[in-house]
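*Asks:* Got a file for you: structure33.cif, mmCIF, C-alpha atoms; chains and numbers go by the auth columns.
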```cif
data_my_file
#
loop_
_atom_site.group_PDB
_atom_site.id
_atom_site.type_symbol
_atom_site.label_atom_id
_atom_site.label_comp_id
_atom_site.label_asym_id
_atom_site.label_seq_id
_atom_site.Cartn_x
_atom_site.Cartn_y
_atom_site.Cartn_z
_atom_site.B_iso_or_equiv
_atom_site.auth_seq_id
_atom_site.auth_asym_id
ATOM 1 C CA MET A 1 156.473 78.954 110.568 0.00 1 A
ATOM 2 C CA ASP A 2 152.919 80.285 110.275 0.00 2 A
ATOM 3 C CA THR A 3 151.364 81.852 113.330 0.00 3 A
ATOM 4 C CA ILE A 4 147.752 81.250 114.226 0.00 4 A
ATOM 5 C CA ASN A 5 145.644 84.313 114.895 0.00 5 A
ATOM 6 C CA ASN A 6 143.738 83.602 118.104 0.00 6 A
ATOM 7 C CA ASP A 7 142.067 87.028 118.024 0.00 7 A
ATOM 8 C CA PHE A 8 139.379 85.886 115.585 0.00 8 A
ATOM 9 C CA THR A 9 135.840 86.244 116.906 0.00 9 A
ATOM 10 C CA ASN A 10 132.495 85.571 115.335 0.00 10 A
ATOM 11 C CA ASN A 11 129.920 87.064 117.658 0.00 11 A
ATOM 12 C CA VAL A 12 126.201 86.536 117.314 0.00 12 A
ATOM 13 C CA ILE A 13 124.283 89.627 116.187 0.00 13 A
ATOM 14 C CA ASP A 14 121.185 90.521 118.163 0.00 14 A
ATOM 15 C CA THR A 15 118.707 90.905 115.303 0.00 15 A
ATOM 16 C CA ALA A 16 116.157 92.509 117.621 0.00 16 A
ATOM 17 C CA SER A 17 118.459 95.526 118.028 0.00 17 A
ATOM 18 C CA LEU A 18 118.982 96.112 114.296 0.00 18 A
ATOM 19 C CA PRO A 19 117.422 99.260 112.823 0.00 19 A
ATOM 20 C CA LYS A 20 113.969 98.524 111.445 0.00 20 A
ATOM 21 C CA PHE A 21 113.349 99.678 107.887 0.00 21 A
ATOM 22 C CA GLU A 22 109.628 99.394 108.579 0.00 22 A
ATOM 23 C CA GLU A 23 109.923 102.433 110.848 0.00 23 A
ATOM 24 C CA ALA A 24 111.187 104.627 108.006 0.00 24 A
ATOM 25 C CA VAL A 25 108.590 107.134 106.865 0.00 25 A
ATOM 26 C CA LEU A 26 108.152 106.569 103.140 0.00 26 A
ATOM 27 C CA THR A 27 107.439 109.402 100.736 0.00 27 A
ATOM 28 C CA THR A 28 104.439 108.749 98.525 0.00 28 A
ATOM 29 C CA LEU A 29 104.493 109.326 94.792 0.00 29 A
ATOM 30 C CA HIS A 30 103.176 112.531 93.266 0.00 30 A
ATOM 31 C CA PRO A 31 99.361 112.350 92.823 0.00 31 A
ATOM 32 C CA ALA A 32 99.672 113.129 89.099 0.00 32 A
ATOM 33 C CA TYR A 33 101.466 109.813 88.632 0.00 33 A
ATOM 34 C CA LYS A 34 98.150 108.026 89.226 0.00 34 A
ATOM 35 C CA LYS A 35 96.832 109.741 86.082 0.00 35 A
ATOM 36 C CA ILE A 36 99.748 108.288 84.124 0.00 36 A
ATOM 37 C CA MET A 37 98.984 104.853 85.517 0.00 37 A
ATOM 38 C CA TYR A 38 95.325 105.227 84.488 0.00 38 A
ATOM 39 C CA PHE A 39 96.348 106.428 81.029 0.00 39 A
ATOM 40 C CA ASN A 40 98.539 103.334 80.538 0.00 40 A
ATOM 41 C CA VAL A 41 95.683 101.062 81.610 0.00 41 A
ATOM 42 C CA GLY A 42 93.338 102.972 79.305 0.00 42 A
ATOM 43 C CA ILE A 43 95.630 102.422 76.309 0.00 43 A
ATOM 44 C CA VAL A 44 95.820 98.674 76.996 0.00 44 A
ATOM 45 C CA TYR A 45 92.059 98.331 77.416 0.00 45 A
ATOM 46 C CA LEU A 46 91.372 100.475 74.357 0.00 46 A
ATOM 47 C CA MET A 47 93.561 98.198 72.226 0.00 47 A
ATOM 48 C CA LEU A 48 91.831 95.166 73.754 0.00 48 A
ATOM 49 C CA ALA A 49 88.400 96.666 72.981 0.00 49 A
ATOM 50 C CA ILE A 50 89.416 97.354 69.382 0.00 50 A
ATOM 51 C CA ALA A 51 90.661 93.772 68.987 0.00 51 A
ATOM 52 C CA ILE A 52 87.487 92.304 70.513 0.00 52 A
ATOM 53 C CA GLY A 53 85.344 94.635 68.400 0.00 53 A
ATOM 54 C CA ALA A 54 87.153 93.602 65.216 0.00 54 A
ATOM 55 C CA ILE A 55 86.718 89.924 66.052 0.00 55 A
ATOM 56 C CA CYS A 56 83.024 90.432 66.734 0.00 56 A
ATOM 57 C CA TYR A 57 82.543 92.475 63.561 0.00 57 A
ATOM 58 C CA PHE A 58 84.312 90.063 61.202 0.00 58 A
ATOM 59 C CA ASN A 59 83.285 86.755 62.778 0.00 59 A
ATOM 60 C CA GLU A 60 79.555 86.132 63.035 0.00 60 A
ATOM 61 C CA GLN A 61 80.082 82.926 65.027 0.00 61 A
ATOM 62 C CA VAL A 62 81.058 84.954 68.115 0.00 62 A
ATOM 63 C CA HIS A 63 77.925 87.149 68.118 0.00 63 A
ATOM 64 C CA PRO A 64 76.182 85.027 70.804 0.00 64 A
ATOM 65 C CA TYR A 65 79.204 85.636 73.071 0.00 65 A
ATOM 66 C CA ILE A 66 79.299 89.433 72.760 0.00 66 A
ATOM 67 C CA VAL A 67 77.336 90.150 75.969 0.00 67 A
ATOM 68 C CA PRO A 68 79.418 87.739 78.125 0.00 68 A
ATOM 69 C CA ALA A 69 82.609 89.145 76.552 0.00 69 A
ATOM 70 C CA VAL A 70 81.547 92.709 77.410 0.00 70 A
ATOM 71 C CA ILE A 71 80.734 91.654 80.992 0.00 71 A
ATOM 72 C CA VAL A 72 84.135 89.954 81.381 0.00 72 A
ATOM 73 C CA TYR A 73 85.835 92.983 79.806 0.00 73 A
ATOM 74 C CA LEU A 74 84.127 95.397 82.218 0.00 74 A
ATOM 75 C CA LEU A 75 84.901 93.159 85.220 0.00 75 A
ATOM 76 C CA LEU A 76 88.559 92.991 84.232 0.00 76 A
ATOM 77 C CA LEU A 77 88.622 96.753 83.780 0.00 77 A
ATOM 78 C CA LEU A 78 87.106 97.268 87.236 0.00 78 A
ATOM 79 C CA ILE A 79 89.584 94.857 88.850 0.00 79 A
ATOM 80 C CA THR A 80 92.465 96.589 87.066 0.00 80 A
ATOM 81 C CA ILE A 81 91.308 100.004 88.319 0.00 81 A
ATOM 82 C CA VAL A 82 91.192 98.660 91.886 0.00 82 A
ATOM 83 C CA PHE A 83 94.706 97.227 91.464 0.00 83 A
ATOM 84 C CA VAL A 84 96.016 100.530 90.072 0.00 84 A
ATOM 85 C CA ASN A 85 94.632 102.363 93.117 0.00 85 A
ATOM 86 C CA LEU A 86 96.123 99.839 95.539 0.00 86 A
ATOM 87 C CA SER A 87 99.420 99.814 93.677 0.00 87 A
ATOM 88 C CA PHE A 88 99.648 103.598 93.820 0.00 88 A
ATOM 89 C CA LYS A 89 98.860 103.664 97.559 0.00 89 A
ATOM 90 C CA ASN A 90 101.413 100.927 98.322 0.00 90 A
ATOM 91 C CA ARG A 91 104.353 102.626 96.603 0.00 91 A
ATOM 92 C CA GLY A 92 106.775 104.697 98.589 0.00 92 A
ATOM 93 C CA TYR A 93 110.438 105.562 98.919 0.00 93 A
ATOM 94 C CA ALA A 94 112.886 106.938 101.447 0.00 94 A
ATOM 95 C CA PHE A 95 116.482 108.085 101.286 0.00 95 A
ATOM 96 C CA ARG A 96 118.234 107.499 104.579 0.00 96 A
ATOM 97 C CA THR A 97 121.781 108.202 105.717 0.00 97 A
ATOM 98 C CA HIS A 98 123.189 104.947 104.344 0.00 98 A
ATOM 99 C CA ASP A 99 120.604 103.532 101.940 0.00 99 A
ATOM 100 C CA VAL A 100 117.565 103.969 99.711 0.00 100 A
ATOM 101 C CA ILE A 101 114.295 102.127 100.359 0.00 101 A
ATOM 102 C CA TYR A 102 111.591 101.460 97.763 0.00 102 A
ATOM 103 C CA LYS A 103 108.362 99.639 98.530 0.00 103 A
ATOM 104 C CA ASN A 104 105.729 98.495 96.038 0.00 104 A
ATOM 105 C CA GLY A 105 103.256 95.727 95.348 0.00 105 A
ATOM 106 C CA VAL A 106 99.603 94.842 95.717 0.00 106 A
ATOM 107 C CA LEU A 107 99.164 91.150 96.469 0.00 107 A
ATOM 108 C CA ALA A 108 102.781 90.688 97.510 0.00 108 A
ATOM 109 C CA THR A 109 104.695 93.686 98.822 0.00 109 A
ATOM 110 C CA THR A 110 108.356 94.065 97.889 0.00 110 A
ATOM 111 C CA THR A 111 110.688 96.304 99.855 0.00 111 A
ATOM 112 C CA THR A 112 114.061 96.905 98.217 0.00 112 A
ATOM 113 C CA ILE A 113 116.878 98.411 100.258 0.00 113 A
ATOM 114 C CA ILE A 114 120.057 99.422 98.484 0.00 114 A
ATOM 115 C CA PRO A 115 123.054 100.642 100.484 0.00 115 A
ATOM 116 C CA TYR A 116 124.719 103.651 98.872 0.00 116 A
ATOM 117 C CA ASN A 117 128.069 101.841 98.768 0.00 117 A
ATOM 118 C CA ARG A 118 126.516 99.367 96.264 0.00 118 A
ATOM 119 C CA VAL A 119 125.218 102.056 93.897 0.00 119 A
ATOM 120 C CA GLN A 120 127.161 102.161 90.626 0.00 120 A
ATOM 121 C CA HIS A 121 125.034 104.379 88.432 0.00 121 A
ATOM 122 C CA VAL A 122 121.958 106.626 88.613 0.00 122 A
ATOM 123 C CA ALA A 123 119.698 107.611 85.731 0.00 123 A
ATOM 124 C CA LEU A 124 116.831 110.077 85.450 0.00 124 A
ATOM 125 C CA HIS A 125 114.059 109.392 82.921 0.00 125 A
ATOM 126 C CA GLU A 126 111.115 111.425 81.696 0.00 126 A
ATOM 127 C CA GLY A 127 108.408 109.922 79.531 0.00 127 A
ATOM 128 C CA ILE A 128 106.103 111.998 77.345 0.00 128 A
ATOM 129 C CA LEU A 129 103.275 112.025 79.897 0.00 129 A
ATOM 130 C CA SER A 130 105.635 112.377 82.835 0.00 130 A
ATOM 131 C CA ARG A 131 107.167 115.453 81.234 0.00 131 A
ATOM 132 C CA LYS A 132 103.693 116.945 80.764 0.00 132 A
ATOM 133 C CA PHE A 133 103.002 116.550 84.494 0.00 133 A
ATOM 134 C CA GLY A 134 106.520 117.649 85.532 0.00 134 A
ATOM 135 C CA LEU A 135 107.443 114.175 86.775 0.00 135 A
ATOM 136 C CA ALA A 136 110.468 111.943 86.338 0.00 136 A
ATOM 137 C CA ALA A 137 111.762 108.522 87.341 0.00 137 A
ATOM 138 C CA VAL A 138 115.013 107.819 89.159 0.00 138 A
ATOM 139 C CA GLU A 139 116.724 104.518 88.371 0.00 139 A
ATOM 140 C CA VAL A 140 119.352 103.137 90.724 0.00 140 A
ATOM 141 C CA PHE A 141 121.821 100.558 89.381 0.00 141 A
ATOM 142 C CA THR A 142 124.104 98.345 91.426 0.00 142 A
ATOM 143 C CA ALA A 143 126.984 96.141 90.334 0.00 143 A
ATOM 144 C CA GLY A 144 126.269 92.889 88.581 0.00 144 A
ATOM 145 C CA GLY A 145 123.134 93.675 86.619 0.00 145 A
ATOM 146 C CA ASP A 146 122.172 95.059 83.256 0.00 146 A
ATOM 147 C CA SER A 147 118.901 96.539 84.449 0.00 147 A
ATOM 148 C CA SER A 148 118.147 98.898 87.296 0.00 148 A
ATOM 149 C CA ASP A 149 117.661 97.494 90.751 0.00 149 A
ATOM 150 C CA VAL A 150 115.156 100.185 91.665 0.00 150 A
ATOM 151 C CA LYS A 151 113.095 102.465 89.467 0.00 151 A
ATOM 152 C CA ILE A 152 111.147 105.095 91.369 0.00 152 A
ATOM 153 C CA ALA A 153 108.672 106.755 89.020 0.00 153 A
ATOM 154 C CA GLY A 154 106.251 109.526 89.849 0.00 154 A
ATOM 155 C CA ILE A 155 108.630 111.998 91.488 0.00 155 A
ATOM 156 C CA GLU A 156 108.531 115.736 90.759 0.00 156 A
ATOM 157 C CA LYS A 157 111.316 116.496 88.292 0.00 157 A
ATOM 158 C CA GLU A 158 113.136 118.972 90.558 0.00 158 A
ATOM 159 C CA GLN A 159 113.069 116.503 93.434 0.00 159 A
ATOM 160 C CA ALA A 160 114.212 113.677 91.115 0.00 160 A
ATOM 161 C CA GLU A 161 117.164 115.812 89.997 0.00 161 A
ATOM 162 C CA SER A 162 118.039 116.492 93.652 0.00 162 A
ATOM 163 C CA ILE A 163 117.856 112.778 94.422 0.00 163 A
ATOM 164 C CA LYS A 164 120.091 112.007 91.456 0.00 164 A
ATOM 165 C CA GLN A 165 122.632 114.593 92.647 0.00 165 A
ATOM 166 C CA LEU A 166 122.518 113.115 96.158 0.00 166 A
ATOM 167 C CA LEU A 167 123.218 109.633 94.815 0.00 167 A
ATOM 168 C CA VAL A 168 125.930 110.809 92.431 0.00 168 A
ATOM 169 C CA GLY A 169 127.542 112.592 95.376 0.00 169 A
ATOM 170 C CA LYS A 170 127.441 109.373 97.407 0.00 170 A
ATOM 171 C CA ILE A 171 129.007 107.455 94.490 0.00 171 A
ATOM 172 C CA LEU A 172 131.780 110.037 94.076 0.00 172 A
ATOM 173 C CA LYS A 173 132.428 110.108 97.824 0.00 173 A
ATOM 174 C CA GLN A 174 132.814 106.334 98.025 0.00 174 A
ATOM 175 C CA ASN A 175 135.107 106.275 94.976 0.00 175 A
ATOM 176 C CA THR A 176 137.358 109.021 96.337 0.00 176 A
ATOM 177 C CA PRO A 177 140.238 107.614 98.378 0.00 177 A
ATOM 178 C CA ASN A 178 140.322 108.852 101.964 0.00 178 A
ATOM 179 C CA GLU A 179 143.264 111.111 102.593 0.00 179 A
ATOM 180 C CA GLU A 180 144.577 110.838 106.092 0.00 180 A
#
```
Now that the file is in, can you turn its structure into structure tokens?
*Replies:*
Amino acid sequence: MDTINNDFTNNVIDTASLPKFEEAVLTTLHPAYKKIMYFNVGIVYLMLAIAIGAICYFNEQVHPYIVPAVIVYLLLLLITIVFVNLSFKNRGYAFRTHDVIYKNGVLATTTTIIPYNRVQHVALHEGILSRKFGLAAVEVFTAGGDSSDVKIAGIEKEQAESIKQLLVGKILKQNTPNEE
């Protein structure tokens, strides 16, 4: 005969007493990363300017619209520069005892918190410009996805390597059976 376990409890958690991730002091990205962000925007707007210039050069019907197109182009460029500045200021990360926090966003802010026991894989990436400035990106992967859950770019390479080693150590520790 089956016995019923009367020891089961399902207590309510006081959410006001939970640790607040908002209180974590986030590390800002390296200032040189803003230059990389500007460079990327510059490449996009340069290609856009070349395309608009080619259209204007080869199509005489658009000549009356050149001045409005330039004004719209410059306004979009200005708005993009403002967004790059805000985006850079709003990015931050923290590595705490049990998890990693990454915050980003301009109009809508996203805060991603990944417990170390969910981390499956860590990757370190250096782009051409990042390498020039001595920066790298750390990507944190969890189970169930084919892309990274968090990519923290704009970290000094030495610090990124230390972060990767920290996370790899946490992964190895959780995968090692406890010997008692």
*Asks:* Near A:Leu135, counting only C-alpha atoms, which residues have an atom at most 12 Å away, once you skip same-chain residues fewer than 3 positions from it, shown as a count of residues only?
*Replies:* 28
*Asks:* On this file, the PyMOL selection byres ((chain A and resi 43-56) around 10) gives some set of residues; write that set as number ranges by chain.
*Replies:* A: 38-42, 57-66, 69-70, 73-74, 76-77, 80
*Asks:* Smallest atom-to-atom distance to A:His98: which of A:Ile163, A:Leu78, A:Ile113, A:Val72, using all atoms listed in the file?
*Replies:*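 Among A:Ile163, A:Leu78, A:Ile113, A:Val72, it is A:Ile113 that comes nearest to A:His98.
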*Asks:* One decimal, in Å: what's the spacing between atom CA of A:Arg96 and atom CA of A:Lys164?
*Replies:* 14.0 Å
*Asks:* Determine, counting all atoms listed in the file, which protein, DNA and RNA residues have an atom within 12 Å of an atom of A:Asn175; residues of the same chain fewer than 3 positions away are not included. Present the result as a PyMOL selection string.
*Replies:* chain A and resi 116-120+168-172+178
*Asks:* Based on the selection just made, write C-alpha atoms of those residues as a short mmCIF file (atom, residue, chain, number, x, y, z; two decimals), in the coordinates of the input.
*Replies:*
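Result file follows (selection37.cif):
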```cif
data_model
loop_
_atom_site.label_atom_id
_atom_site.label_comp_id
_atom_site.auth_asym_id
_atom_site.auth_seq_id
_atom_site.Cartn_x
_atom_site.Cartn_y
_atom_site.Cartn_z
CA TYR A 116 124.72 103.65 98.87
CA ASN A 117 128.07 101.84 98.77
CA ARG A 118 126.52 99.37 96.26
CA VAL A 119 125.22 102.06 93.90
CA GLN A 120 127.16 102.16 90.63
CA VAL A 168 125.93 110.81 92.43
CA GLY A 169 127.54 112.59 95.38
CA LYS A 170 127.44 109.37 97.41
CA ILE A 171 129.01 107.46 94.49
CA LEU A 172 131.78 110.04 94.08
CA ASN A 178 140.32 108.85 101.96
#
```
*Asks:* Compare A:Ala16, A:Leu75, A:Phe88, A:Glu23 by their minimum atom-to-atom distance to A:Met37, counting only C-alpha atoms, and give me the closest one.
*Replies:* A:Phe88
*Asks:* Distance atom CA of A:Gly134-atom CA of A:Gln165, one decimal place?
*Replies:*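 Atom-to-atom, atom CA of A:Gly134 to atom CA of A:Gln165, that is 17.9 Å.
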*Asks:* Which residue gives the smallest distance to A:Phe141 among A:Ile79, A:Val100, A:Val84, A:Val122, with only C-alpha atoms counted?
*Replies:*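 Closest to A:Phe141 of all the choices is A:Val122.
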*Asks:* For a test of reading the model, state the distance in Å between atom CA of A:Pro115 and atom CA of A:Thr97, rounded to one decimal.
*Replies:*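 These atoms are spaced 9.3 Å apart.
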*Asks:* Compile the contact shell of A:Thr27 as a PyMOL selection string: residues with an atom at most 7 Å away, counting all atoms listed in the file, same-chain residues fewer than 5 positions apart removed.
*Replies:* chain A and resi 92-94
*Asks:* Let me make sure I understand: among A:Asn6, A:Ser87, A:Gln174, A:Thr15, which one has the smallest atom-to-atom distance to A:Leu107 if we use only C-alpha atoms?
*Replies:*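 Going through A:Asn6, A:Ser87, A:Gln174, A:Thr15 one by one, the smallest distance to A:Leu107 is for A:Ser87.
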*Asks:* Rank A:Ala136, A:Val12, A:Leu26, A:Val67 by their smallest atom-to-atom distance to A:Thr111, using all atoms listed in the file, and report the top residue only.
*Replies:* A:Leu26
